[in-house]
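**Q** What follows is model.cif, made up of mmCIF, C-alpha atoms:
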data_input
#
loop_
_atom_site.label_atom_id
_atom_site.label_comp_id
_atom_site.auth_asym_id
_atom_site.auth_seq_id
_atom_site.Cartn_x
_atom_site.Cartn_y
_atom_site.Cartn_z
CA MET A 8 -3.61 -27.79 -4.29
CA GLU A 9 -3.81 -24.59 -6.32
CA LYS A 10 -0.51 -22.97 -7.29
CA LEU A 11 0.42 -19.47 -6.17
CA THR A 12 2.38 -16.59 -7.67
CA ALA A 13 3.77 -14.03 -5.23
CA ILE A 14 4.24 -10.60 -6.82
CA VAL A 15 6.60 -8.18 -5.10
CA PRO A 16 6.83 -4.65 -6.55
CA THR A 17 10.19 -2.97 -5.87
CA GLY A 18 12.04 0.27 -6.39
CA ASN A 19 15.41 0.72 -4.64
CA GLU A 20 14.43 -1.71 -1.88
CA GLU A 21 17.80 -3.30 -1.05
CA HIS A 22 17.05 -2.71 2.65
CA ASN A 23 13.78 -4.67 2.39
CA ILE A 24 14.01 -7.11 -0.48
CA ARG A 25 15.69 -10.07 1.24
CA GLU A 26 13.23 -10.31 4.13
CA VAL A 27 10.11 -9.91 2.00
CA LEU A 28 11.26 -12.55 -0.51
CA GLU A 29 12.06 -14.96 2.28
CA SER A 30 8.55 -14.43 3.66
CA VAL A 31 6.97 -15.47 0.32
CA SER A 32 9.35 -18.37 -0.34
CA PHE A 33 6.45 -20.85 -0.03
CA ALA A 34 4.93 -19.57 -3.31
CA ASP A 35 5.28 -21.68 -6.47
CA GLU A 36 6.43 -18.62 -8.40
CA ILE A 37 8.01 -15.42 -7.13
CA MET A 38 7.75 -12.46 -9.48
CA VAL A 39 9.70 -9.29 -8.70
CA VAL A 40 8.32 -6.25 -10.54
CA ASP A 41 11.06 -3.66 -10.42
CA SER A 42 10.80 0.05 -11.18
CA MET A 43 14.32 0.36 -12.59
CA SER A 44 16.15 0.18 -9.25
CA THR A 45 19.65 1.65 -9.14
CA ASP A 46 20.76 -0.02 -5.89
CA ASN A 47 21.35 -3.74 -5.17
CA THR A 48 17.69 -4.73 -5.29
CA ILE A 49 18.00 -6.80 -8.45
CA THR A 50 21.25 -8.48 -7.37
CA ILE A 51 19.62 -9.67 -4.15
CA ALA A 52 16.36 -10.62 -5.88
CA LYS A 53 18.23 -12.96 -8.24
CA GLU A 54 19.16 -15.09 -5.23
CA TYR A 55 15.47 -15.93 -4.83
CA THR A 56 13.93 -15.89 -8.32
CA ASN A 57 14.64 -15.75 -12.02
CA THR A 58 11.32 -14.04 -12.72
CA ILE A 59 12.22 -10.36 -12.61
CA LEU A 60 10.25 -7.87 -14.69
CA ARG A 61 11.50 -4.31 -15.11
CA ARG A 62 9.41 -1.32 -16.15
CA LYS A 63 9.66 2.41 -15.61
CA TYR A 64 7.34 3.41 -12.78
CA GLN A 65 4.25 5.45 -13.58
CA TYR A 66 2.01 4.82 -10.59
CA SER A 67 1.22 1.84 -8.41
CA ALA A 68 -2.02 0.63 -10.01
CA SER A 69 -0.53 0.86 -13.50
CA GLN A 70 2.53 -1.13 -12.47
CA LYS A 71 0.51 -3.85 -10.76
CA ASN A 72 -2.09 -4.18 -13.53
CA TRP A 73 0.76 -4.57 -16.02
CA ALA A 74 2.37 -7.32 -13.95
CA ILE A 75 -0.63 -9.39 -12.82
CA PRO A 76 -1.53 -10.90 -16.24
CA GLN A 77 2.07 -12.09 -16.62
CA ALA A 78 1.87 -14.37 -13.59
CA SER A 79 1.96 -18.08 -14.37
CA ASN A 80 -0.70 -19.02 -11.81
CA GLU A 81 -4.32 -18.12 -11.21
CA TRP A 82 -3.92 -17.29 -7.53
CA ILE A 83 -1.88 -14.17 -6.77
CA LEU A 84 -0.41 -12.94 -3.49
CA LEU A 85 0.79 -9.37 -3.88
CA VAL A 86 3.17 -8.21 -1.16
CA ASP A 87 4.79 -4.79 -0.99
CA ALA A 88 8.49 -4.66 -0.13
CA ASP A 89 7.79 -3.17 3.31
CA GLU A 90 5.37 -5.98 4.21
CA ARG A 91 6.07 -9.45 5.55
CA VAL A 92 4.00 -12.62 5.38
CA THR A 93 4.01 -14.04 8.89
CA PRO A 94 4.17 -17.83 9.43
CA GLU A 95 0.54 -17.78 10.61
CA LEU A 96 -0.60 -15.90 7.50
CA ARG A 97 1.43 -18.25 5.29
CA ASP A 98 -0.27 -21.30 6.80
CA GLU A 99 -3.72 -19.76 6.33
CA ILE A 100 -2.99 -18.99 2.67
CA ILE A 101 -1.71 -22.54 2.07
CA GLU A 102 -4.91 -23.93 3.58
CA ILE A 103 -7.00 -21.84 1.15
CA LEU A 104 -4.93 -23.13 -1.76
CA LYS A 105 -5.49 -26.69 -0.57
CA ASN A 106 -9.23 -26.10 -0.25
CA PRO A 107 -10.18 -23.35 -2.73
CA PRO A 108 -13.44 -21.52 -1.97
CA THR A 109 -16.58 -22.82 -3.62
CA ASP A 110 -18.89 -19.97 -2.61
CA GLY A 111 -17.81 -17.51 -5.30
CA THR A 112 -15.01 -15.91 -3.26
CA VAL A 113 -12.30 -14.65 -5.63
CA ALA A 114 -10.23 -12.40 -3.34
CA TYR A 115 -9.39 -11.77 0.31
CA TRP A 116 -8.82 -8.76 2.51
CA ILE A 117 -5.71 -9.03 4.67
CA TYR A 118 -5.35 -6.82 7.74
CA ARG A 119 -1.98 -5.26 8.55
CA THR A 120 -0.14 -4.83 11.82
CA ASN A 121 1.54 -1.48 11.31
CA HIS A 122 4.80 -0.23 12.77
CA PHE A 123 6.03 3.35 12.55
CA MET A 124 9.11 5.01 14.05
CA GLY A 125 10.03 1.74 15.76
CA LYS A 126 6.69 1.28 17.52
CA ARG A 127 3.58 -0.78 16.81
CA VAL A 128 0.68 1.53 16.01
CA ARG A 129 -2.50 0.37 17.72
CA TYR A 130 -4.70 3.43 17.12
CA SER A 131 -4.26 6.65 15.06
CA GLY A 132 -6.73 5.44 12.42
CA TRP A 133 -4.54 2.48 11.50
CA GLN A 134 -6.20 -0.13 13.71
CA ASN A 135 -8.44 -1.45 10.91
CA ASP A 136 -5.96 -1.08 8.05
CA LYS A 137 -6.56 -3.75 5.43
CA VAL A 138 -5.75 -4.46 1.78
CA ILE A 139 -6.92 -6.98 -0.85
CA ARG A 140 -3.77 -8.94 -1.67
CA LEU A 141 -4.78 -12.58 -2.21
CA PHE A 142 -6.90 -12.91 -5.33
CA ARG A 143 -7.65 -14.79 -8.52
CA LYS A 144 -5.87 -13.31 -11.54
CA SER A 145 -8.79 -13.71 -13.93
CA LYS A 146 -11.26 -12.03 -11.57
CA SER A 147 -9.30 -9.07 -10.20
CA ALA A 148 -7.67 -5.80 -11.26
CA TYR A 149 -6.69 -2.56 -9.60
CA GLU A 150 -8.87 0.51 -10.09
CA ASP A 151 -7.15 3.11 -12.24
CA LYS A 152 -6.19 5.63 -9.55
CA MET A 153 -2.76 7.15 -9.03
CA VAL A 154 -2.80 6.78 -5.23
CA HIS A 155 -4.43 4.29 -2.85
CA ALA A 156 -5.99 2.18 -5.60
CA GLU A 157 -7.61 -1.06 -4.47
CA ILE A 158 -8.49 -4.30 -6.20
CA ILE A 159 -11.90 -4.46 -7.87
CA ALA A 160 -12.96 -8.09 -7.74
CA ASP A 161 -15.50 -9.80 -9.96
CA GLY A 162 -16.94 -11.91 -7.17
CA LYS A 163 -17.09 -12.19 -3.40
CA VAL A 164 -14.27 -10.84 -1.23
CA GLY A 165 -13.52 -12.67 2.01
CA PHE A 166 -11.33 -11.88 5.01
CA LEU A 167 -8.25 -13.68 6.30
CA LYS A 168 -7.78 -14.02 10.05
CA ASN A 169 -4.03 -13.43 10.12
CA ARG A 170 -2.19 -10.23 9.27
CA PHE A 171 0.70 -8.81 7.33
CA HIS A 172 3.53 -7.28 9.32
CA HIS A 173 3.91 -3.77 7.82
CA ASN A 174 6.71 -1.30 8.54
CA THR A 175 6.47 1.66 6.17
CA TYR A 176 8.99 3.82 8.07
CA ILE A 177 12.60 4.28 7.01
CA THR A 178 13.36 7.84 8.12
CA LEU A 179 11.13 10.85 8.75
CA ASP A 180 12.67 12.67 5.79
CA SER A 181 11.97 9.76 3.44
CA HIS A 182 8.40 9.52 4.70
CA ILE A 183 7.77 13.22 4.07
CA LYS A 184 9.22 12.86 0.56
CA LYS A 185 6.80 9.98 -0.01
CA LEU A 186 3.87 12.11 1.17
CA ASN A 187 4.91 14.91 -1.19
CA ARG A 188 5.13 12.47 -4.09
CA TYR A 189 1.73 11.01 -3.29
CA ALA A 190 0.23 14.49 -2.97
CA ALA A 191 1.34 15.33 -6.51
CA TRP A 192 -0.28 12.15 -7.83
CA GLN A 193 -3.44 12.64 -5.77
CA ALA A 194 -3.82 16.14 -7.19
CA ARG A 195 -4.59 14.55 -10.56
CA ASP A 196 -7.14 12.15 -9.06
CA TYR A 197 -8.82 14.95 -7.10
CA ASP A 198 -8.88 17.35 -10.05
CA LYS A 199 -11.73 15.29 -11.50
CA LYS A 200 -13.94 15.57 -8.42
CA THR A 201 -12.94 18.79 -6.65
CA GLY A 202 -14.52 22.14 -7.43
CA ARG A 203 -13.06 25.55 -6.76
CA LEU A 204 -10.46 25.51 -3.99
CA HIS A 205 -11.00 27.74 -0.97
CA VAL A 206 -10.35 27.93 2.79
CA TYR A 207 -12.29 24.73 3.42
CA HIS A 208 -9.66 22.70 1.56
CA PHE A 209 -6.59 24.46 2.99
CA VAL A 210 -7.66 24.94 6.61
CA ILE A 211 -10.76 23.01 7.65
CA LYS A 212 -9.99 19.67 5.98
CA PRO A 213 -6.38 19.48 7.29
CA PHE A 214 -7.58 20.46 10.78
CA TRP A 215 -10.31 17.81 10.70
CA GLY A 216 -7.78 15.24 9.46
CA PHE A 217 -5.60 15.88 12.51
CA PHE A 218 -8.54 15.92 14.91
CA LYS A 219 -9.99 12.69 13.51
CA HIS A 220 -6.73 10.73 13.75
CA TYR A 221 -5.54 12.16 17.06
CA ILE A 222 -8.82 12.46 19.00
CA VAL A 223 -11.62 10.47 17.32
CA GLN A 224 -9.38 7.54 16.37
CA MET A 225 -7.40 7.85 19.60
CA GLY A 226 -3.98 8.65 18.17
CA PHE A 227 -3.11 10.18 21.54
CA ARG A 228 -2.96 6.62 22.90
CA ASP A 229 0.00 5.93 20.61
CA GLY A 230 2.00 8.68 22.33
CA VAL A 231 4.49 10.70 20.29
CA VAL A 232 4.11 8.31 17.36
CA GLY A 233 0.36 8.99 17.27
CA LEU A 234 0.97 12.72 17.36
CA VAL A 235 3.42 12.49 14.46
CA ILE A 236 1.07 10.31 12.40
CA SER A 237 -1.84 12.69 12.97
CA TYR A 238 0.24 15.72 12.04
CA LEU A 239 1.60 14.01 8.91
CA HIS A 240 -1.93 13.06 7.85
CA SER A 241 -2.99 16.70 8.22
CA TYR A 242 0.07 17.83 6.27
CA ALA A 243 -0.68 15.33 3.50
CA ILE A 244 -4.21 16.72 3.09
CA TRP A 245 -2.93 20.30 2.91
CA MET A 246 -0.19 19.34 0.45
CA ARG A 247 -2.71 17.50 -1.76
CA TYR A 248 -4.70 20.68 -2.32
CA ALA A 249 -1.61 22.85 -2.62
CA LYS A 250 -0.38 20.52 -5.39
CA LEU A 251 -3.84 20.60 -6.98
CA TRP A 252 -3.80 24.42 -6.97
CA LEU A 253 -0.39 24.34 -8.69
CA TYR A 254 -1.44 21.59 -11.10
CA ARG A 255 -4.41 23.59 -12.33
CA ARG A 256 -2.07 26.48 -13.07
CA GLY A 257 0.49 24.38 -14.87
CA LEU A 258 3.03 24.84 -12.09
CA LYS A 259 5.01 22.40 -9.92
#
Please render this file's structure as structure tokens.

**A**
Amino acid sequence: MEKLTAIVPTGNEEHNIREVLESVSFADEIMVVDSMSTDNTITIAKEYTNTILRRKYQYSASQKNWAIPQASNEWILLVDADERVTPELRDEIIEILKNPPTDGTVAYWIYRTNHFMGKRVRYSGWQNDKVIRLFRKSKSAYEDKMVHAEIIADGKVGFLKNRFHHNTYITLDSHIKKLNRYAAWQARDYDKKTGRLHVYHFVIKPFWGFFKHYIVQMGFRDGVVGLVISYLHSYAIWMRYAKLWLYRRGLK
């Protein structure tokens, strides 16, 4: 059976850390990669592992690419603090470790069951949400993007049948702060591929973002939660270009 390192990135996650570490307790090594938390994250983490790395946060891909080579094992399971490995997903991962793929597969997509504002989200563009989180260390690395970077695998990427449980919501205020932070980072990514900004970026794209999530991807079927998600997606698009406009002028 192949050995597994579970990597859990954290940053002031005392409200999440215990449950996520318990969900990865089957791993041979648990590595907490902390972004200089100032709450009780580290104190709680020490109950589960002695492998705690600390580094000032730059952006997600940078943090993860720094941590991955330091894992003791070839197979990595990377789990964000707001995600949980369900018993069914755990058993499926263990089975892969017992019978490693021989067809060139070096990584796996894992779908996520998302919850927001206390409700499971079945539509709103989140129904096919997936991430590459189980992978071979020597064959995988995150693309160098500040936001929404994904693993680039040197080999085949398969799919797992079971899902993460994912609850990204704490409060509406905290979620909006997160969107604002991401928008500032995305502005740098988009600066490389976006021409002159005009009404298309500030009006049409945000409107289409709302329409796509709420109508095309049936956010209306998620009720008020779907409406909020669709609006927040539209707001995030508008804020991305507002931050880009400021970034190009050396303003914040």

**Q** Determine, counting all atoms listed in the file, every residue of protein, DNA or RNA that lies within 12 Å of (-25.1, -17.7, -6.2) in the file coordinates, then give the result as a ChimeraX atom specification.

**A** /A:109-112,162-163

**Q** As a PyMOL selection string, please: the residues near Lys105 of chain A (cut-off 10 Å, all atoms listed in the file, same-chain neighbours under 4 positions excluded).

**A** chain A and resi 8-10+99-101

**Q** Identify all residues satisfying the PyMOL selection byres ((chain A and resi 237-245) around 7) in the given file; provide them as a ChimeraX atom specification.

**A** /A:131,186,190,209,213-214,216-217,220-221,226,233-236,246-249

**Q** Run through the PyMOL selection byres ((chain A and resi 164) around 9) on the given coordinates and return the selected residues as a PyMOL selection string.

**A** chain A and resi 111-116+139+142+160-163+165-166

**Q** Using the chain letters and numbers from the file, which residues does the PyMOL selection byres ((chain A and resi 117) around 8) grab, as a short mmCIF file (atom, residue, chain, number, x, y, z; two decimals) with C-alpha atoms, in the frame of the given file?

**A**
data_model
loop_
_atom_site.label_atom_id
_atom_site.label_comp_id
_atom_site.auth_asym_id
_atom_site.auth_seq_id
_atom_site.Cartn_x
_atom_site.Cartn_y
_atom_site.Cartn_z
CA TYR A 115 -9.39 -11.77 0.31
CA TRP A 116 -8.82 -8.76 2.51
CA TYR A 118 -5.35 -6.82 7.74
CA ARG A 119 -1.98 -5.26 8.55
CA LYS A 137 -6.56 -3.75 5.43
CA VAL A 138 -5.75 -4.46 1.78
CA ILE A 139 -6.92 -6.98 -0.85
CA ARG A 140 -3.77 -8.94 -1.67
CA LEU A 141 -4.78 -12.58 -2.21
CA PHE A 166 -11.33 -11.88 5.01
CA LEU A 167 -8.25 -13.68 6.30
CA LYS A 168 -7.78 -14.02 10.05
CA ASN A 169 -4.03 -13.43 10.12
CA ARG A 170 -2.19 -10.23 9.27
CA PHE A 171 0.70 -8.81 7.33
#

**Q** Could you name the residues that touch segment 19-24 of chain A at 10 Å or less, counting only C-alpha atoms, but leaving out those on the same chain fewer than 2 positions away, as a PyMOL selection string?

**A** chain A and resi 15-17+26-29+39+41-52+55+87-91+174+177

**Q** Looking at all atoms listed in the file, which of A:Val86, A:Thr58, A:Lys126, A:Gly132 is the one that sits closest to Ile222 of chain A?

**A** A:Gly132

**Q** Considering only C-alpha atoms, return as a VMD selection string whatever protein or nucleic-acid residues lie within 7 Å of Lys152 of chain A, sequence-local ones (same chain, fewer than 2 positions apart) excluded.

**A** chain A and resid 68 150 154 156 196

**Q** So how many Å separate atom CA of Ser30 of chain A and atom CA of Val92 of chain A, to one decimal?

**A**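 Interatomic distance here is 5.2 Å.
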
**Q** Show which residues sit within 10 Å of Asn72 of chain A, as a ChimeraX atom specification. Count all atoms listed in the file, and ignore same-chain residues fewer than 2 positions away.

**A** /A:67-70,74-77,147-151,158

**Q** So that I have them on file, write out the residues from the current selection with C-alpha atoms, as a compact mmCIF listing (two decimals), keeping the file's coordinate frame.

**A**
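Written out: out_30.txt:
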# COMPACT_ATOMS: atom_id res chain seq x y z
CA SER A 67 1.22 1.84 -8.41
CA ALA A 68 -2.02 0.63 -10.01
CA SER A 69 -0.53 0.86 -13.50
CA GLN A 70 2.53 -1.13 -12.47
CA ALA A 74 2.37 -7.32 -13.95
CA ILE A 75 -0.63 -9.39 -12.82
CA PRO A 76 -1.53 -10.90 -16.24
CA GLN A 77 2.07 -12.09 -16.62
CA SER A 147 -9.30 -9.07 -10.20
CA ALA A 148 -7.67 -5.80 -11.26
CA TYR A 149 -6.69 -2.56 -9.60
CA GLU A 150 -8.87 0.51 -10.09
CA ASP A 151 -7.15 3.11 -12.24
CA ILE A 158 -8.49 -4.30 -6.20

**Q** Nearest to Arg255 of chain A among A:Phe227, A:Ala191, A:His208, A:Arg97, with distances taken over only C-alpha atoms: which residue is it?

**A** A:Ala191

**Q** Which value, in Å to one decimal, gives the distance between atom CA of Ala34 of chain A and atom CA of Leu11 of chain A?

**A** 5.3 Å

**Q** Rank A:Ile14, A:Val40, A:Tyr254, A:Gln65 by their smallest atom-to-atom distance to Asp198 of chain A, using all atoms listed in the file, and report the top residue only.

**A** A:Tyr254

**Q** Quick one: pull the distance between atom CA of Lys71 of chain A and atom CA of Glu157 of chain A, Å, one decimal.

**A**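 Computed distance, atom CA of Lys71 of chain A to atom CA of Glu157 of chain A, equals 10.6 Å.
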
**Q** Have a look at A:Val232, A:Leu251, A:Leu258, A:Leu85 and name the one nearest to Arg127 of chain A; count only C-alpha atoms.

**A**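 Using only C-alpha atoms, the shortest distance to Arg127 of chain A belongs to A:Val232.
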